[in-house]
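Undergrad: What follows is protein25.cif, made up of mmCIF, C-alpha atoms:
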data_input
loop_
_atom_site.label_atom_id
_atom_site.label_comp_id
_atom_site.auth_asym_id
_atom_site.auth_seq_id
_atom_site.Cartn_x
_atom_site.Cartn_y
_atom_site.Cartn_z
CA MET A 1 12.52 -5.00 -6.61
CA LYS A 2 12.80 -1.35 -5.68
CA THR A 3 10.67 0.15 -2.94
CA ASN A 4 9.32 2.84 -5.26
CA GLU A 5 7.97 0.18 -7.60
CA LEU A 6 6.34 -1.62 -4.69
CA ARG A 7 4.70 1.56 -3.34
CA GLU A 8 2.79 1.97 -6.61
CA LYS A 9 1.05 -1.38 -6.20
CA SER A 10 -2.21 -1.99 -4.36
CA VAL A 11 -2.53 -4.16 -1.25
CA ASP A 12 -3.98 -7.02 -3.32
CA GLU A 13 -1.09 -6.88 -5.78
CA LEU A 14 1.38 -6.79 -2.89
CA ALA A 15 -0.28 -9.81 -1.28
CA GLN A 16 -0.02 -11.73 -4.55
CA LEU A 17 3.63 -10.73 -4.92
CA LEU A 18 4.25 -11.78 -1.32
CA ASP A 19 2.92 -15.27 -2.06
CA GLU A 20 5.25 -15.53 -5.07
CA LYS A 21 8.27 -14.38 -3.06
CA GLN A 22 7.51 -16.78 -0.21
CA LEU A 23 7.34 -19.64 -2.73
CA ASP A 24 10.66 -18.47 -4.18
CA ALA A 25 12.12 -18.43 -0.66
CA PHE A 26 11.05 -22.03 -0.17
CA ARG A 27 12.61 -23.06 -3.47
CA LEU A 28 15.84 -21.26 -2.60
CA ARG A 29 16.01 -22.97 0.80
CA MET A 30 15.48 -26.38 -0.77
CA ALA A 31 18.10 -25.69 -3.44
CA LYS A 32 20.57 -24.65 -0.76
CA ALA A 33 19.84 -27.73 1.33
CA THR A 34 20.47 -30.03 -1.63
CA GLY A 35 23.61 -28.16 -2.68
CA GLN A 36 22.18 -26.91 -5.95
CA LEU A 37 22.20 -23.19 -5.12
CA ALA A 38 25.24 -21.42 -6.54
CA ASN A 39 24.27 -17.84 -5.67
CA THR A 40 23.54 -17.91 -1.95
CA HIS A 41 23.06 -14.14 -1.85
CA GLU A 42 19.68 -14.66 -3.51
CA ILE A 43 18.30 -15.95 -0.19
CA LYS A 44 19.21 -12.69 1.56
CA ASN A 45 17.81 -10.55 -1.24
CA ASN A 46 14.58 -12.53 -1.28
CA ARG A 47 14.18 -12.26 2.50
CA ARG A 48 14.66 -8.48 2.35
CA THR A 49 12.12 -8.15 -0.46
CA ILE A 50 9.59 -10.08 1.62
CA ALA A 51 10.22 -7.72 4.53
CA LYS A 52 9.72 -4.67 2.29
CA ILE A 53 6.44 -6.06 0.98
CA LEU A 54 5.17 -6.84 4.48
CA THR A 55 6.11 -3.34 5.66
CA LEU A 56 4.27 -1.69 2.78
CA ILE A 57 1.19 -3.85 3.30
CA ASN A 58 1.09 -2.82 6.97
CA GLU A 59 1.58 0.86 6.10
CA LYS A 60 -1.21 0.80 3.55
CA GLN A 61 -3.60 -1.01 5.89
CA ARG A 62 -2.96 1.51 8.64
CA GLY A 63 -3.39 4.42 6.25
CA GLU A 64 0.11 5.80 6.75
CA ALA A 65 1.06 5.57 3.08
#
Could you spell out this file's structure in structure tokens?

TA:
Amino acid sequence: MKTNELREKSVDELAQLLDEKQLDAFRLRMAKATGQLANTHEIKNNRRTIAKILTLINEKQRGEA
């Protein structure tokens, strides 16, 4: 997900999206551990998306956005 799309969302929407992405991260880790994950780059992309969301949440809470 692009940063511009994330900036348009509210803190509540970002928090909900963060929960979804963290659940996806768990599923990806379990798929990798069991050898069922073919596209391992998805783990890296998911981790970066989580970091973007957390950064935007912190910016919006501090009023810097």

Undergrad: Just how far from atom CA of A:Leu17 is atom CA of A:Gln36, in Å to one decimal?

TA: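 If I compute the distance from atom CA of A:Gln36 to atom CA of A:Leu17, I get 24.6 Å.
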
Undergrad: Enumerate, as a PyMOL selection string, the residues matched when the PyMOL selection byres ((chain A and resi 48) around 12) is run on the file above.

TA: chain A and resi 1-3+18+21-22+25+41-47+49-55

Undergrad: Please provide as an NGL selection string all residues within 8 Å of stretch 10-16 of chain A, with the sequence filter that same-chain residues fewer than 2 positions apart are discarded (counting all atoms listed in the file).

TA: :A and (6-8 or 18-20 or 53 or 57 or 60-61)

Undergrad: Using atom CA of A:Leu56 and atom CA of A:Arg27 as the two end points, give the distance in Å to one decimal.

TA: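 These atoms are spaced 23.8 Å apart.
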
Undergrad: Between atom CA of A:Asp24 and atom CA of A:Leu37, what is the distance in Å, rounded to a tenth?

TA: 12.5 Å
